[in-house]
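Following: one structure in structure tokens, then a few remarks.
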There are 2 protein chains.
Amino acid sequence: MANGARKVSDPAARRLSLYLRALEAMAAEGRVTVSSGDLARECGINAAQLRKDLSAFGSFGKRGLGYPVAELVPRLKEILGLTRTWRVALVGAGRIGQALFEFPAFRGRGFHILAIVDADPAKVGTHWGDIEIEADDDLETVIARESIDLVVLAVPAAVARGLARRSVGAGARGILNFAPIRLDLPDDVPVNHVNMGLELEALAFALGGAPTDA
Amino acid sequence: MANGARKVSDPAARRLSLYLRALEAMAAEGRVTVSSGDLARECGINAAQLRKDLSAFGSFGKRGLGYPVAELVPRLKEILGLTRTWRVALVGAGRIGQALFEFPAFRGRGFHILAIVDADPAKVGTHWGDIEIEADDDLETVIARESIDLVVLAVPAAVARGLARRSVGAGARGILNFAPIRLDLPDDVPVNHVNMGLELEALAFALGGAPTDA
DNA sequence: CAATATTTGTGAACTATTTCACAAGCTCTC
DNA sequence: GAGAGCTTGTGAAATAGTTCACAAATATTG
């Protein structure tokens, strides 16, 4: 919501990431052009929708031929904001943070983890790669010092709200939240959720959780 | 989609998990009743929608009073299919699998991890808790032996599709997929995705990725 | 016990998103 | 270079999901 000129819906924005990934794979295989039909099939999406999603940002395809893979990749990156560097802080140095930290595509997309904080005194002072883990008491200092854009919040639900609020207060502009709780921050701070428990429960439900009637 | 008698949309099913979590927190604090307004506010959702979501499964509230917290919790668990045990296999013994494995709420919700497979020969034969990591060559055997319901797929995109297909062939009924790729399995196999990269990119986009015009 | 204040459950209105369907435009072949 | 064959971009239709608004039901108070 922070971007006033935004034209596309939230689900549409997510699909753009999907297209980008598929296109990158195609580019790696040396494919030159791709039709909306082929790309849509690859992404599990309706072709008309794909065309509509892309056309919200311009006219990238050629009729009769399709979309030029090599040109579309950087164009999508630009649209998604992946041509700049995003300064990221990890709040909570648990397994999830570690997984993200070690995930190579992360850096490749311009997301640079510049700071890590944790509540556990035993972790504070230790290093992940070049980065020293700092105390979460110092959260505000760390975020200001590193000019953090994005906070990855991977802490227990009980403390998530407080840390989120402090992060935003100190200058963080967006939050990726792994805690299974609503953060309710100001409306101009985008928050995206990753909730494995919820996805798993949704799966259980899909497999027959719902009784016929109550 | 496996459940024929299903009455609610996919987003609605996800919201049920949200309600459950909030209600459990309230129950823990000893709260007896809650109005749709209060619960909806806690979950960041419209009150009418909450009432509609619940009413799809029955009439749980009392007019003038609200919903009985202690009764609604087990009712929601039943609806979501959390009163039974789900037999889970972890395919890919990396950080993500580890995070799930150590997450206590996991077991508490009836999701029991009974097997772990990995492609790395160095990991095969080692133990996580009581469970010995097995070779992914033996995937079919493992799934059949343990009567696995759900597979948590946390492997590189390049091999995800193949392992998913094999899992389903061997009897898995649903998949929680962490790989950033569409699995395209038969329609009767529900697949839920957890894609941290995509969420992060959506966040970047929300913060100003989109240019005003193409 | 009657009057007032709440709160649910739900049809109807509204909004958002997806899909259809086709004219317009490009490529390729002969 | 003209015709055949694709494929895009997009208005219109269809579908899905959300919110409104209010009658019906219950609790509470004096």
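Going through the structure tokens in order, the chains are called A, B, and so on, while each chain numbers its residues from 1 and the ligands are numbered from 1 in the order shown.
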Margin query: Just list as a VMD selection string whatever in chain A DSSP marks as strand (DSSP E or B).
Written below: chain A and resid 33 to 34 62 66 to 68 86 to 91 111 to 118 127 to 128 131 to 135 150 to 153 174 to 177 191 to 193
Next item on the list: Might you pull out every residue within 10 Å of range 19-24 of chain C, with only C-alpha atoms (C1' of nucleotides) counted and same-chain residues fewer than 2 positions away left off, and present them as a list in words?
Entry: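 Answer for this query is Asn46, Ala47, Ala48, Gln49 and Arg63 of chain A; DT17 and DC26 of chain C; DT8, DG9, DT10, DG11, DA12, DA13, DA14 and DT15 of chain D.
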For chain D against chain B, which residues fall within 8 Å using only C-alpha atoms (C1' of nucleotides), given as a PDB file with N, CA and C atoms (P, O5', C5', C4', C3', O3' and C1' of nucleotides), in the first residue's frame?
```pdb
ATOM      1  P    DT D  18     -13.032 -13.088   1.207  1.00  0.00           P
ATOM      2  O5'  DT D  18     -13.853 -11.728   1.252  1.00  0.00           O
ATOM      3  C5'  DT D  18     -13.411 -10.623   0.475  1.00  0.00           C
ATOM      4  C4'  DT D  18     -14.300  -9.422   0.767  1.00  0.00           C
ATOM      5  C3'  DT D  18     -14.496  -9.126   2.259  1.00  0.00           C
ATOM      6  O3'  DT D  18     -14.171  -7.757   2.429  1.00  0.00           O
ATOM      7  C1'  DT D  18     -16.602  -9.241   1.136  1.00  0.00           C
ATOM      8  P    DT D  19     -14.160  -7.111   3.900  1.00  0.00           P
ATOM      9  O5'  DT D  19     -15.585  -6.400   3.945  1.00  0.00           O
ATOM     10  C5'  DT D  19     -15.859  -5.373   3.022  1.00  0.00           C
ATOM     11  C4'  DT D  19     -17.314  -4.986   3.128  1.00  0.00           C
ATOM     12  C3'  DT D  19     -17.757  -4.577   4.542  1.00  0.00           C
ATOM     13  O3'  DT D  19     -18.186  -3.228   4.470  1.00  0.00           O
ATOM     14  C1'  DT D  19     -19.338  -6.034   3.513  1.00  0.00           C
ATOM     15  P    DA D  25     -36.737 -15.737  16.580  1.00  0.00           P
ATOM     16  O5'  DA D  25     -35.580 -15.622  17.665  1.00  0.00           O
ATOM     17  C5'  DA D  25     -34.292 -16.156  17.368  1.00  0.00           C
ATOM     18  C4'  DA D  25     -33.355 -15.742  18.457  1.00  0.00           C
ATOM     19  C3'  DA D  25     -33.865 -16.036  19.866  1.00  0.00           C
ATOM     20  O3'  DA D  25     -32.888 -16.811  20.535  1.00  0.00           O
ATOM     21  C1'  DA D  25     -33.069 -13.806  19.701  1.00  0.00           C
ATOM     22  P    DT D  26     -33.231 -17.610  21.861  1.00  0.00           P
ATOM     23  O5'  DT D  26     -32.389 -16.846  22.978  1.00  0.00           O
ATOM     24  C5'  DT D  26     -30.984 -16.738  22.825  1.00  0.00           C
ATOM     25  C4'  DT D  26     -30.501 -15.546  23.597  1.00  0.00           C
ATOM     26  C3'  DT D  26     -30.825 -15.568  25.085  1.00  0.00           C
ATOM     27  O3'  DT D  26     -29.656 -15.989  25.777  1.00  0.00           O
ATOM     28  C1'  DT D  26     -30.933 -13.369  24.115  1.00  0.00           C
ATOM     29  P    DA D  27     -29.583 -15.970  27.369  1.00  0.00           P
ATOM     30  O5'  DA D  27     -29.136 -14.481  27.672  1.00  0.00           O
ATOM     31  C5'  DA D  27     -27.814 -14.075  27.348  1.00  0.00           C
ATOM     32  C4'  DA D  27     -27.607 -12.645  27.797  1.00  0.00           C
ATOM     33  C3'  DA D  27     -27.722 -12.447  29.325  1.00  0.00           C
ATOM     34  O3'  DA D  27     -26.604 -11.679  29.730  1.00  0.00           O
ATOM     35  C1'  DA D  27     -29.180 -10.958  28.199  1.00  0.00           C
TER      36       DA D  27
END
```
Check: Which chain B residues are at most 12 Å from chain C (counting only C-alpha atoms (C1' of nucleotides)), as JSON, numbers by chain?
Finding: {"B": [33, 34, 35, 36, 37, 38, 47, 48, 49, 50, 51, 52, 53, 54, 55, 56, 57, 58, 59, 60, 61, 62, 63, 64, 65, 66, 67]}
Residues of the last selection are to be written out with C-alpha atoms, as a PDB file, in the first residue's frame.
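File written: selection_18.pdb
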```
ATOM      1  CA  THR B  33     -17.381 -15.652  25.783  1.00  0.00           C
ATOM      2  CA  VAL B  34     -16.324 -13.455  22.916  1.00  0.00           C
ATOM      3  CA  SER B  35     -18.343 -11.420  20.457  1.00  0.00           C
ATOM      4  CA  SER B  36     -17.729 -11.637  16.742  1.00  0.00           C
ATOM      5  CA  GLY B  37     -16.603  -8.022  16.909  1.00  0.00           C
ATOM      6  CA  ASP B  38     -13.877  -8.665  19.448  1.00  0.00           C
ATOM      7  CA  ALA B  47     -17.015  -9.148  11.989  1.00  0.00           C
ATOM      8  CA  ALA B  48     -19.709 -10.093   9.488  1.00  0.00           C
ATOM      9  CA  GLN B  49     -17.245 -12.249   7.652  1.00  0.00           C
ATOM     10  CA  LEU B  50     -16.270 -14.042  10.805  1.00  0.00           C
ATOM     11  CA  ARG B  51     -19.897 -14.772  11.607  1.00  0.00           C
ATOM     12  CA  LYS B  52     -20.456 -15.995   8.074  1.00  0.00           C
ATOM     13  CA  ASP B  53     -17.395 -18.225   8.203  1.00  0.00           C
ATOM     14  CA  LEU B  54     -18.560 -19.849  11.409  1.00  0.00           C
ATOM     15  CA  SER B  55     -22.184 -20.107  10.409  1.00  0.00           C
ATOM     16  CA  ALA B  56     -21.170 -22.253   7.451  1.00  0.00           C
ATOM     17  CA  PHE B  57     -20.577 -25.017   9.999  1.00  0.00           C
ATOM     18  CA  GLY B  58     -23.346 -24.408  12.444  1.00  0.00           C
ATOM     19  CA  SER B  59     -24.789 -21.965  14.879  1.00  0.00           C
ATOM     20  CA  PHE B  60     -22.261 -21.650  17.669  1.00  0.00           C
ATOM     21  CA  GLY B  61     -23.067 -18.268  19.144  1.00  0.00           C
ATOM     22  CA  LYS B  62     -25.812 -16.920  21.355  1.00  0.00           C
ATOM     23  CA  ARG B  63     -27.470 -13.683  20.387  1.00  0.00           C
ATOM     24  CA  GLY B  64     -26.898 -10.980  22.912  1.00  0.00           C
ATOM     25  CA  LEU B  65     -23.936 -12.812  24.369  1.00  0.00           C
ATOM     26  CA  GLY B  66     -21.440 -13.980  21.779  1.00  0.00           C
ATOM     27  CA  TYR B  67     -19.538 -17.207  21.243  1.00  0.00           C
TER      28      TYR B  67
END
```
Next item on the list: Would you kindly return, as a ChimeraX atom specification, each protein, DNA or RNA residue with an atom no farther than 7 Å from any atom of Ala27 in chain A, considering only C-alpha atoms (C1' of nucleotides) and excluding same-chain residues fewer than 3 positions away?
Entry: /A:23-24,30-31,69-70
Check: Could you state the separation of CA of Val117 in chain A and CA of Gly92 in chain A in Å, given to one decimal place?
Finding: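 Value for the CA of Val117 in chain A-CA of Gly92 in chain A distance: 5.9 Å.
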Check: Tell me, which residues of range 18-143 of chain B carry DSSP alpha helix (DSSP H), written as a PyMOL selection string?
Finding: chain B and resi 18-28+36-43+47-55+69-80+95-102+104-108+139-143
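Residues lying within 8 Å of Pro180 in chain A, counting only C-alpha atoms (C1' of nucleotides) and ignoring same-chain neighbours fewer than 4 positions away, are Ala157, Asn195 and Gly197 of chain A.
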Notebook entry, point to check: Using only C-alpha atoms, which of the listed residues (A:Val168, A:Val152, A:Ala22, A:Ala115) sits closest to Met196 in chain B?
Noted result: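 Looking at the shortest contact to Met196 in chain B, the residue is A:Val152.
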Note to self: Taking 6 positions as the minimum chain separation for residues in the same chain, which residues sit within 12 Å of range 95-99 of chain A when counting only C-alpha atoms (C1' of nucleotides)? Answer as a VMD selection string.
What the structure shows: (chain A and resid 88 to 89 105 to 106 113 115 to 118 127 to 129 133 151 to 156 176 to 179 194 to 196) or (chain B and resid 93 to 103 154 178 196 to 197)
Margin query: If I take CA of Leu39 in chain A and CA of Glu199 in chain A, how far is one from the other in Å, to one decimal?
Written below: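 Computing the Euclidean distance for CA of Leu39 in chain A and CA of Glu199 in chain A yields 26.1 Å.
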Item checked: Two-atom distance - CA of Ile181 in chain A, CA of Leu16 in chain B (Å) ->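 It comes out at 13.5 Å.
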Notebook entry, point to check: Looking at B:Gly171, B:Gly110, B:Gly81, B:Gly125, which one is nearest to chain A, with distances taken over only C-alpha atoms?
Noted result: B:Gly81
Margin query: With distances taken over only C-alpha atoms, which residue among A:Met26, A:Ala172, A:Val32, A:Val189 lies nearest Leu90 in chain A?
Written below: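 So, comparing all the options, the nearest one is A:Ala172.
With only C-alpha atoms (C1' of nucleotides) taken into account, the protein and nucleic acid residues at most 8 Å from Ser17 in chain A (excluding it and anything under 2 positions from it in its own chain) are Ala13, Arg14, Arg15, Tyr19, Leu20, Arg21 and Leu80 of chain A; Leu198, Glu201 and Ala202 of chain B.
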Next item on the list: Find, counting only C-alpha atoms, the residue in B:Leu114, B:Ile79, B:Ala28, B:Ala160 that gets nearest to chain A.
Entry: B:Ile79
Could you list, as a PDB file with C-alpha atoms, in the first residue's frame, every residue within 7 Å of Leu183 in chain B, counting only C-alpha atoms (C1' of nucleotides) and ignoring same-chain residues fewer than 2 positions away?
```pdb
ATOM      1  CA  ARG B 161       8.339 -32.272  -8.954  1.00  0.00           C
ATOM      2  CA  ALA B 164       6.129 -35.017  -5.201  1.00  0.00           C
ATOM      3  CA  ILE B 181       7.740 -24.390  -8.245  1.00  0.00           C
ATOM      4  CA  LEU B 185      -0.252 -33.231  -9.436  1.00  0.00           C
TER       5      LEU B 185
END
```
Next item on the list: Identify which of the residues A:Glu42, A:Asp120, A:Asp149, A:Glu78 lies closest to Asp137 in chain A, counting only C-alpha atoms when measuring atom-to-atom distances.
Entry: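 Closest candidate: A:Asp120.
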Checklist line | Nearest residue to chain A from the set B:Leu163, B:Val124, B:Ile131, B:Leu150 (distances using only C-alpha atoms) | finding: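 Comparing B:Leu163, B:Val124, B:Ile131, B:Leu150 against chain A, the winner is B:Leu150.
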